[in-house]
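Engineer: The following block contains the structure, expressed as structure tokens.
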Amino acid sequence: MATEEMEQLVRREYKDGFVTDIESDTLPPGLDEDTIAFISKKKGEPEWMLEWRLDAYRQWLNMKEPSWAHLDYPPIDYQAISYFSAPKRPEDGPQSLDEVDPKLLETYEKLGIPLHERAALAGVAVDAVFDSVSVTTTFKKELSEAGVIFCSISEAIRDYPELIKQYLGTVVPVADNYFAALNSAVFTDGSFVFVPEGVTCPMELSTYFRINAANTGQFERTLIICESRAQVSYLEGCTAPMRDENQLHAAVVELVALDDAYIKYSTVQNWYPGDEDGKGGIYNFVTKRGECRGARSRISWTQVETGSAITWKYPSCVLRGKDSIGEFYSVAVTNGRQQADTGTKMIHIGEGTRSYIVAKGISAGKSDQSYRGLVKIGPRAKGARNFTQCDSLLIGDKCGAHTFPYQEIGNSTATIEHEATTSKIGEDQLFYCRSRGISEEDAVSMIVNGFCKDVFQELPMEFAVEAEALLNVTLEGAVG
Amino acid sequence: MSDTQTFLDTLKKRSQQREAEPTWIAARRQAGAARFEALGFPTRRDEEWKYTDVRSIAQGNFALSDNADFSPAQAAALTLPVDAYRLTFVDGVYAPALSDVDALPESVHVLPLSKALSENHEAVGGPLGRLTGVEFSSFAALNTAFMEEGAVVRIAPGTVVDKPIVLQFLSRANSAPVMSHPRILVEAGGRSEATLIEHYCGELEAANFTNVVGEFMLDRGAILNHYKLQEAPLNDMHVASMHVEQGRDTGYTSYNLNLGGALVRNDLISDLNGQGAETHFYGLFFGQGRQHVDNHTKVNHYAPLTFSNENYKGILDDRAHGVFNGKVYVKRDSQKIEGFQSNQNLLLSDRAQIDAKPELEIYADDVKCSHGTTTGQLDEEAIYALRTRGIDEATARGLLTLAFAGEVLEKVTLDAIAERVELAVAGKLPERFNLAGLVETAVALND
């Protein structure tokens with residue numbers, strides 16, 4: 001491809017980076033104990049929850065922001081952030097699809113998002129979308145019949161305080177790390193899922209989620225519990241570009257799997273990555289951890305990370321139960337000036353535990369990407385097994401790809417394998433496709449998709465299709 | 001802070017005894033001391049020392065040796081049976097009686113640092129500390145503060161050194177532990193070729209601390225084979241910071257063989273500064289008892305068209321703790337790079353431990369880089385296969401362990417060294433095994 005044309009494509013601005021100017025019930029910037037009390041009160045929380053938050057806040061005050069990640073960003077002023085913003089009223093949003101930016105719709109078209117979902121995703125007032133209301137109601141009925149609790153974390157704190165007290169903060173303790181402590185103090189939104197013993201959740205919670213919860217919070221808190229033999233598949237985020245005015249995101253996700261339970265957690269993250277110079281992009285500092293408490297339990301993380309200016313994210317599994325399994329499948333794509341430091345931790349504690357890691361990183365433009373992972377085998381994890389593969393693909397000569405895998409092995413019966421490769425798209429592969437009449441762009445996208453196949457096949461079906469499309473949109477113009 | 005104070009006090013005492021020295025040395029010594037005082041000893045909170053606890057060094061009280069007395073018979077037993085030019089140091093002090101550099105050709109200089117300084121200190125001042133400065137680590141700073149002795153090797157352009165150059169460091173069983181801070185400075189001229197062997201060994205009961213800093217400068221087209229055979233006494237502490245600088249079309253090969261020492265830390269860095277530079281790192285570490293062996297390596301691809309290959313193998317028994325941290329760095333625009341890294345570890349006991357961290361940091365796209373690391377145990381089926389052929393279990397395990405080490409050992413072209421390592425690794429075999437002997441028998445049978 002002609003370099004000029006390529007550069008032109010690379011320079012193109014993010015299609016969906018428009019700002020909506022809507023008044024909201026927002027706290028003035030700043031963080032102190034009064035802010036937390038305000039949030040807690042606004043949410044109608046009981047006293048013990050406020051105490052829990054304040055405890056987290058006090059510990060946070062004594063903590064230091066981590067600096068070990070391979071990331072470079074200006075210092076964050078935590079007092080310049082507003083910690084509460086009331087949900088927008090429906091009448092403030094666009095009233096119909098005609099009022100939505102046509103470019104956004106174009107992206108939806110490219111991603112192949114069903115028509116009836118587009119309106120909801122674009123933030124069109126819900127009653128303008130007759131379709132989704134009925135769909136949502138049907139879903140709700142089906143879930144409650146199965147005994148599955150699925151609601152916002154605030155509702156759960158009000159309605160199921162016993163479950164919250166029992167599980168919240170047991171996987172990610174309040175002072176686990178700097179961002180988790182901040183989240184614990186000020187979280188405002190998030191989901192709660194409880195699947196009782198023996199129940200297989202009748203639907204992928206993704207389906208429900210996509211329609212219902214387009215507005216995710218800045219400090220999201222998610223808690224998913226699967227009792228014995230229960231199963232659930234949950235998808236966070238969506239392939240559609242997320243509009244968001246909050247620059248700092250610090251979410252915490254906790255998963256608990258009891259005996260024979262299976263939790264599949266998929267994430268597609270496509271937040272605004274910032275402009276050409278990386279200005280205005282989202283900072284995403286996430287703590288995600290699942291604990292396989294029961295024997296033979298299984299937790300699987302799948303993530304497709306294409307957005308955000310800064311990504312700091314290490315979904316982890318604590319494999320406590322005998323023969324439990326942890327999995328991590330990740331595709332991270334960075335373009336422009338995006339920086340991602342992401343990976344996983346597999347902590348093997350129980351006997352016969354197994355973990356499987358497949359991480360694929362694609363860097364383009366002037367972006368920087370790191371895989372950072374830890375595999376730790378405790379002295380009692382007899383016969384533990386890990387396989388790790390992390391591959392990086394470099395597109396362009398101004399980007400960087402790094403791997404920092406840590407292995408701490410304290411047991412001779414463990415078998416650990418780690419493989420990593422870094423390369424660019426092979427000239428011979430490209431030539432092969434070109435000689436068969438496939439255009440360069442298509443050839444690159446085919447090769448990149450093939451590179452990510454191992455991960456995409458772990459995504460729920462419909463998202464896998466969208467993820468492929470998303471990858472193409474993200475890399476559009478960057479390849480050649 | 002009190003830990004560093006012991007060392008600073010020793011330094012102060014030493015300075016008072018020392019004769020006047022050139023101002024640049026005094027200045028560097030001071031810079032080293034200041035840096036060491038500021039840094040203190042690393043703790044496990046430092047990323048580079050995450051898995052290695054150096055308190056046994058920090059809390060020690062080490063004197064400095066002032067003589068190089070060593071029984072010649074015992075020295076002879078420890079010396080590698082290699083026909084070589086040899087410099088010997090006993091607890092860091094140069095031992096002329098145990099050295100042999102008389103037959104050196106004119107184009108090769110191998111001399112103790114003290115002599116090099118007294119002959120022409122300006123010639124040493126330039127390169128010394130250029131690669132490993134006081135900034136590198138608190139151990140490098142400490143070394144700079146104390147530096148007195150070591151080896152200076154200069155090879156004139158175009159010279160092929162006919163025999164290996166051996167730097168032998170002997171550790172004595174002193175009544176009180178001592179420390180030494182040797183410097184090694186190698187300047188290999190253009191298109192020269194040499195083999196350098198660093199050999200650390202000593203009396204069984206010794207418990208000393210060696211803190212060596214080595215700098216190796218390879219000019220255009222130079223080839224250097226660098227062996228390090230570390231079979232220090234099992235209570236010795238050993239810290240080594242090695243830095244190699246490679247110009248265009250140079251070839252450097254490191255054989256880092258670690259068998260001894262209670263606490264061992266090796267830093268090996270190679271800067272590939274010129275096109276066509278090639279570096280090979282082969283490493284083997286074997287830990288028993290409560291040994292702790294930490295290997296940090298780094299290859300910096302600073303120029304395009306450079307090549308690196310690394311293969312480190314760890315064998316850990318009993319309660320030994322191994323660490324491997326390998327990094328391949330590719331600078332922006334250093335295109336057409338190949339960088340390969342492999343680390344395999346064998347855990348022979350339930351309480352042995354390994355921490356591995358193979359890293360890639362890459363800022364260019366036309367590269368082929370990979371790393372692989374595995375940790376596991378001996379294949380029970382392979383043991384079974386040997387057992388069915390009438391080989392007892394201990395021998396079977398020994399054979400398989402030796403075979404595991406073989407991939408690195410087969411690169412070792414000096415038999416005397418390979419045999420020493422084989423003996424150590426397969427030492428648990430009922431009849432000591434000699435792989436070379438086996439191969440000879442097999443060849444003879446085939447003929």
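Chain lettering (A, B, ...) mirrors the order of the structure tokens, residue numbering begins at 1 for each chain separately, and ligand numbering begins at 1 in order of display.
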Write down, as a PyMOL selection string, each residue of chain A that has any atom within 7 Å of an atom of chain B, counting only C-alpha atoms.

Structural biologist: chain A and resi 394-424

Engineer: Pick out each residue of stretch 3-238 of chain B that DSSP on the backbone tags as helix (DSSP H, G or I); I need them as a PyMOL selection string.

Structural biologist: chain B and resi 3-17+23-39+47-49+55-58+72-78+96-98+113-125+138-146

Engineer: Can you tell me how far atom CA of B:Ala262 sits from atom CA of B:Val293, in Å to one decimal?

Structural biologist: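 Going from atom CA of B:Ala262 over to atom CA of B:Val293, I get 7.9 Å.
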
Engineer: Which residues of stretch 224-289 of chain B come within 12 Å of stretch 156-178 of chain B, and what is each one's closest atom pair and distance in Å (one decimal), counting only C-alpha atoms, sorted by chain and residue number, as a Markdown table?

Structural biologist:
| residue | atom | partner | partner_atom | distance |
| --- | --- | --- | --- | --- |
| B:Leu224 | CA | B:Val160 | CA | 10.2 |
| B:Asn225 | CA | B:Pro164 | CA | 9.2 |
| B:His226 | CA | B:Ile165 | CA | 9.7 |
| B:Tyr227 | CA | B:Val166 | CA | 9.2 |
| B:Lys228 | CA | B:Leu167 | CA | 9.5 |
| B:Leu229 | CA | B:Gln168 | CA | 9.7 |
| B:Gln230 | CA | B:Phe169 | CA | 9.5 |
| B:Glu231 | CA | B:Leu170 | CA | 10.1 |
| B:Ala232 | CA | B:Ser171 | CA | 7.4 |
| B:Pro233 | CA | B:Ser171 | CA | 7.5 |
| B:Leu234 | CA | B:Ser171 | CA | 10.9 |
| B:Asn235 | CA | B:Ala173 | CA | 10.1 |
| B:Asp236 | CA | B:Ser171 | CA | 8.1 |
| B:Met237 | CA | B:Pro177 | CA | 10.4 |
| B:His238 | CA | B:Ser171 | CA | 10.9 |
| B:Gly260 | CA | B:Ser171 | CA | 11.8 |
| B:Gly261 | CA | B:Ser171 | CA | 10.9 |

Engineer: Keeping N, CA and C atoms for every residue in the selection just given, could you write it to a file as a PDB file, in the first residue's frame?

Structural biologist:
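Produced file again-v2.pdb, reproduced below:
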ATOM      1  N   LEU B 224      35.367 -13.603  21.387  1.00  0.00           N
ATOM      2  CA  LEU B 224      35.742 -13.956  22.754  1.00  0.00           C
ATOM      3  C   LEU B 224      34.848 -15.080  23.265  1.00  0.00           C
ATOM      4  N   ASN B 225      35.507 -16.154  23.692  1.00  0.00           N
ATOM      5  CA  ASN B 225      34.779 -17.221  24.369  1.00  0.00           C
ATOM      6  C   ASN B 225      35.029 -17.067  25.854  1.00  0.00           C
ATOM      7  N   HIS B 226      33.989 -16.878  26.586  1.00  0.00           N
ATOM      8  CA  HIS B 226      34.135 -16.540  27.997  1.00  0.00           C
ATOM      9  C   HIS B 226      33.499 -17.630  28.861  1.00  0.00           C
ATOM     10  N   TYR B 227      34.355 -18.375  29.539  1.00  0.00           N
ATOM     11  CA  TYR B 227      33.850 -19.405  30.441  1.00  0.00           C
ATOM     12  C   TYR B 227      33.859 -18.873  31.850  1.00  0.00           C
ATOM     13  N   LYS B 228      32.807 -19.206  32.572  1.00  0.00           N
ATOM     14  CA  LYS B 228      32.851 -18.933  33.991  1.00  0.00           C
ATOM     15  C   LYS B 228      32.489 -20.229  34.687  1.00  0.00           C
ATOM     16  N   LEU B 229      33.461 -20.799  35.356  1.00  0.00           N
ATOM     17  CA  LEU B 229      33.193 -22.022  36.101  1.00  0.00           C
ATOM     18  C   LEU B 229      33.218 -21.641  37.574  1.00  0.00           C
ATOM     19  N   GLN B 230      32.050 -21.613  38.145  1.00  0.00           N
ATOM     20  CA  GLN B 230      31.931 -21.159  39.519  1.00  0.00           C
ATOM     21  C   GLN B 230      31.685 -22.374  40.391  1.00  0.00           C
ATOM     22  N   GLU B 231      32.771 -22.896  40.994  1.00  0.00           N
ATOM     23  CA  GLU B 231      32.592 -24.004  41.935  1.00  0.00           C
ATOM     24  C   GLU B 231      33.137 -23.560  43.292  1.00  0.00           C
ATOM     25  N   ALA B 232      32.663 -22.408  43.707  1.00  0.00           N
ATOM     26  CA  ALA B 232      33.094 -21.860  44.986  1.00  0.00           C
ATOM     27  C   ALA B 232      32.660 -22.790  46.112  1.00  0.00           C
ATOM     28  N   PRO B 233      33.372 -22.738  47.236  1.00  0.00           N
ATOM     29  CA  PRO B 233      32.975 -23.548  48.395  1.00  0.00           C
ATOM     30  C   PRO B 233      31.513 -23.295  48.751  1.00  0.00           C
ATOM     31  N   LEU B 234      30.851 -24.294  49.313  1.00  0.00           N
ATOM     32  CA  LEU B 234      29.405 -24.215  49.496  1.00  0.00           C
ATOM     33  C   LEU B 234      28.925 -23.179  50.504  1.00  0.00           C
ATOM     34  N   ASN B 235      29.858 -22.570  51.221  1.00  0.00           N
ATOM     35  CA  ASN B 235      29.431 -21.500  52.126  1.00  0.00           C
ATOM     36  C   ASN B 235      29.841 -20.116  51.629  1.00  0.00           C
ATOM     37  N   ASP B 236      30.426 -20.079  50.449  1.00  0.00           N
ATOM     38  CA  ASP B 236      30.862 -18.798  49.895  1.00  0.00           C
ATOM     39  C   ASP B 236      29.673 -17.991  49.369  1.00  0.00           C
ATOM     40  N   MET B 237      29.832 -16.671  49.408  1.00  0.00           N
ATOM     41  CA  MET B 237      28.843 -15.793  48.786  1.00  0.00           C
ATOM     42  C   MET B 237      29.489 -15.226  47.529  1.00  0.00           C
ATOM     43  N   HIS B 238      28.719 -15.168  46.469  1.00  0.00           N
ATOM     44  CA  HIS B 238      29.326 -14.776  45.201  1.00  0.00           C
ATOM     45  C   HIS B 238      28.393 -13.840  44.441  1.00  0.00           C
ATOM     46  N   GLY B 260      28.755 -23.990  42.668  1.00  0.00           N
ATOM     47  CA  GLY B 260      29.038 -23.793  44.085  1.00  0.00           C
ATOM     48  C   GLY B 260      28.365 -22.570  44.675  1.00  0.00           C
ATOM     49  N   GLY B 261      28.795 -22.242  45.891  1.00  0.00           N
ATOM     50  CA  GLY B 261      28.326 -21.029  46.546  1.00  0.00           C
ATOM     51  C   GLY B 261      27.030 -21.220  47.313  1.00  0.00           C
TER      52      GLY B 261
END

Engineer: Please identify all polymer residues within 12 Å of B:Ile417, counting only C-alpha atoms, omitting same-chain residues fewer than 6 positions from it, and present them as a JSON list (two decimals) with N, CA and C atoms, in the first residue's frame.

Structural biologist:
[["chain", "number", "residue", "atom", "x", "y", "z"],
["B", 79, "THR", "N", 43.39, -26.42, 40.58],
["B", 79, "THR", "CA", 43.57, -25.79, 39.27],
["B", 79, "THR", "C", 43.05, -26.67, 38.14],
["B", 80, "LEU", "N", 42.42, -26.05, 37.19],
["B", 80, "LEU", "CA", 41.92, -26.77, 36.02],
["B", 80, "LEU", "C", 43.08, -27.33, 35.21],
["B", 81, "PRO", "N", 42.99, -28.58, 34.83],
["B", 81, "PRO", "CA", 44.07, -29.17, 34.03],
["B", 81, "PRO", "C", 44.02, -28.69, 32.58],
["B", 82, "VAL", "N", 44.28, -27.40, 32.41],
["B", 82, "VAL", "CA", 44.23, -26.80, 31.08],
["B", 82, "VAL", "C", 45.56, -26.09, 30.85],
["B", 166, "VAL", "N", 43.40, -18.08, 31.89],
["B", 166, "VAL", "CA", 42.62, -18.48, 33.07],
["B", 166, "VAL", "C", 42.81, -17.47, 34.19],
["B", 197, "ILE", "N", 38.87, -17.90, 30.76],
["B", 197, "ILE", "CA", 38.19, -18.74, 31.74],
["B", 197, "ILE", "C", 38.28, -18.09, 33.11],
["B", 198, "GLU", "N", 37.14, -17.83, 33.69],
["B", 198, "GLU", "CA", 37.11, -17.38, 35.08],
["B", 198, "GLU", "C", 36.83, -18.62, 35.90],
["B", 199, "HIS", "N", 37.63, -18.87, 36.88],
["B", 199, "HIS", "CA", 37.43, -20.08, 37.66],
["B", 199, "HIS", "C", 37.42, -19.74, 39.15],
["B", 227, "TYR", "N", 34.35, -18.37, 29.54],
["B", 227, "TYR", "CA", 33.85, -19.41, 30.44],
["B", 227, "TYR", "C", 33.86, -18.87, 31.85],
["B", 228, "LYS", "N", 32.81, -19.21, 32.57],
["B", 228, "LYS", "CA", 32.85, -18.93, 33.99],
["B", 228, "LYS", "C", 32.49, -20.23, 34.69],
["B", 229, "LEU", "N", 33.46, -20.80, 35.36],
["B", 229, "LEU", "CA", 33.19, -22.02, 36.10],
["B", 229, "LEU", "C", 33.22, -21.64, 37.57],
["B", 230, "GLN", "N", 32.05, -21.61, 38.14],
["B", 230, "GLN", "CA", 31.93, -21.16, 39.52],
["B", 230, "GLN", "C", 31.68, -22.37, 40.39],
["B", 231, "GLU", "N", 32.77, -22.90, 40.99],
["B", 231, "GLU", "CA", 32.59, -24.00, 41.94],
["B", 231, "GLU", "C", 33.14, -23.56, 43.29],
["B", 255, "TYR", "N", 29.76, -18.99, 28.72],
["B", 255, "TYR", "CA", 29.37, -20.25, 29.32],
["B", 255, "TYR", "C", 29.35, -20.00, 30.82],
["B", 256, "ASN", "N", 28.18, -19.88, 31.36],
["B", 256, "ASN", "CA", 28.06, -19.51, 32.77],
["B", 256, "ASN", "C", 27.68, -20.75, 33.56],
["B", 257, "LEU", "N", 28.66, -21.40, 34.16],
["B", 257, "LEU", "CA", 28.43, -22.68, 34.80],
["B", 257, "LEU", "C", 28.54, -22.51, 36.31],
["B", 258, "ASN", "N", 27.44, -22.67, 36.98],
["B", 258, "ASN", "CA", 27.42, -22.40, 38.42],
["B", 258, "ASN", "C", 27.10, -23.66, 39.22],
["B", 259, "LEU", "N", 28.08, -24.05, 40.00],
["B", 259, "LEU", "CA", 27.89, -25.26, 40.79],
["B", 259, "LEU", "C", 27.98, -24.98, 42.28],
["B", 409, "LEU", "N", 26.00, -28.54, 28.01],
["B", 409, "LEU", "CA", 27.37, -29.07, 28.11],
["B", 409, "LEU", "C", 27.98, -29.39, 26.77],
["B", 410, "GLU", "N", 27.15, -29.79, 25.81],
["B", 410, "GLU", "CA", 27.71, -30.14, 24.51],
["B", 410, "GLU", "C", 28.30, -28.93, 23.79],
["B", 411, "LYS", "N", 27.91, -27.74, 24.24],
["B", 411, "LYS", "CA", 28.47, -26.53, 23.65],
["B", 411, "LYS", "C", 29.84, -26.22, 24.22],
["B", 423, "LEU", "N", 30.74, -34.24, 36.38],
["B", 423, "LEU", "CA", 31.00, -34.92, 37.64],
["B", 423, "LEU", "C", 30.11, -34.38, 38.75],
["B", 424, "ALA", "N", 29.95, -33.08, 38.76],
["B", 424, "ALA", "CA", 29.13, -32.45, 39.80],
["B", 424, "ALA", "C", 27.66, -32.82, 39.61],
["B", 436, "ALA", "N", 32.19, -38.12, 28.56],
["B", 436, "ALA", "CA", 33.20, -38.14, 27.51],
["B", 436, "ALA", "C", 33.72, -39.57, 27.33]]

Engineer: For A:Ala69, please output as a list in words all residues within 9 Å (counting only C-alpha atoms; exclusion window: fewer than 3 positions along the same chain).

Structural biologist: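 Final neighbour list, sorted by chain and number: Pro66, Asp72, Trp312, Asp341, Ser370 and Arg372 of chain A.
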
Engineer: Rounded to one decimal, what separation in Å do you get between atom CA of B:Phe281 and atom CA of B:Phe136?

Structural biologist: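 About the pair atom CA of B:Phe281 and atom CA of B:Phe136: they are 20.6 Å apart.
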
Engineer: Do a neighbour search on A:Phe431 at 12 Å with only C-alpha atoms, toss out local chain neighbours closer than 4 positions, and write the hits as a PDB file with N, CA and C atoms, in the first residue's frame.

Structural biologist:
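Printed below is around08.pdb as written:
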ATOM      1  N   ILE A 425       3.992  -9.311  10.718  1.00  0.00           N
ATOM      2  CA  ILE A 425       3.305 -10.165   9.761  1.00  0.00           C
ATOM      3  C   ILE A 425       4.303 -10.567   8.685  1.00  0.00           C
ATOM      4  N   GLY A 426       4.397 -11.866   8.434  1.00  0.00           N
ATOM      5  CA  GLY A 426       5.396 -12.361   7.506  1.00  0.00           C
ATOM      6  C   GLY A 426       5.152 -11.867   6.091  1.00  0.00           C
ATOM      7  N   GLU A 427       6.244 -11.415   5.457  1.00  0.00           N
ATOM      8  CA  GLU A 427       6.142 -10.971   4.065  1.00  0.00           C
ATOM      9  C   GLU A 427       5.634 -12.111   3.191  1.00  0.00           C
ATOM     10  N   SER A 435      -0.903 -12.961  -3.942  1.00  0.00           N
ATOM     11  CA  SER A 435      -0.784 -13.686  -5.205  1.00  0.00           C
ATOM     12  C   SER A 435      -2.091 -14.394  -5.552  1.00  0.00           C
ATOM     13  N   ARG A 436      -2.968 -14.508  -4.573  1.00  0.00           N
ATOM     14  CA  ARG A 436      -4.275 -15.106  -4.832  1.00  0.00           C
ATOM     15  C   ARG A 436      -5.361 -14.042  -4.973  1.00  0.00           C
ATOM     16  N   GLY A 437      -4.923 -12.845  -5.199  1.00  0.00           N
ATOM     17  CA  GLY A 437      -5.879 -11.784  -5.526  1.00  0.00           C
ATOM     18  C   GLY A 437      -6.561 -11.173  -4.327  1.00  0.00           C
ATOM     19  N   ILE A 438      -6.031 -11.400  -3.125  1.00  0.00           N
ATOM     20  CA  ILE A 438      -6.635 -10.787  -1.945  1.00  0.00           C
ATOM     21  C   ILE A 438      -5.945  -9.449  -1.697  1.00  0.00           C
ATOM     22  N   SER A 439      -6.728  -8.424  -1.452  1.00  0.00           N
ATOM     23  CA  SER A 439      -6.132  -7.100  -1.265  1.00  0.00           C
ATOM     24  C   SER A 439      -5.282  -7.087  -0.006  1.00  0.00           C
ATOM     25  N   GLU A 440      -4.360  -6.147   0.071  1.00  0.00           N
ATOM     26  CA  GLU A 440      -3.437  -6.115   1.200  1.00  0.00           C
ATOM     27  C   GLU A 440      -4.178  -5.960   2.532  1.00  0.00           C
ATOM     28  N   ALA A 443      -5.860  -9.128   3.410  1.00  0.00           N
ATOM     29  CA  ALA A 443      -4.876 -10.148   3.767  1.00  0.00           C
ATOM     30  C   ALA A 443      -4.406  -9.938   5.196  1.00  0.00           C
ATOM     31  N   VAL A 444      -4.110  -8.676   5.515  1.00  0.00           N
ATOM     32  CA  VAL A 444      -3.642  -8.378   6.868  1.00  0.00           C
ATOM     33  C   VAL A 444      -4.728  -8.747   7.874  1.00  0.00           C
ATOM     34  N   ILE A 447      -4.870 -12.421   8.398  1.00  0.00           N
ATOM     35  CA  ILE A 447      -3.738 -12.936   9.173  1.00  0.00           C
ATOM     36  C   ILE A 447      -3.895 -12.578  10.654  1.00  0.00           C
TER      37      ILE A 447
END

Engineer: Here is a test: counting only C-alpha atoms, which residue of A:Tyr356, A:Phe194, A:Phe387, A:Tyr329 is nearest to A:Leu459?

Structural biologist: A:Tyr329

Engineer: Could you pull the residues within 7 Å of stretch 188-192 of chain A, counting only C-alpha atoms, minus those fewer than 2 positions along the same chain, as a PyMOL selection string?

Structural biologist: chain A and resi 150-154+156+186+194+217+219-224
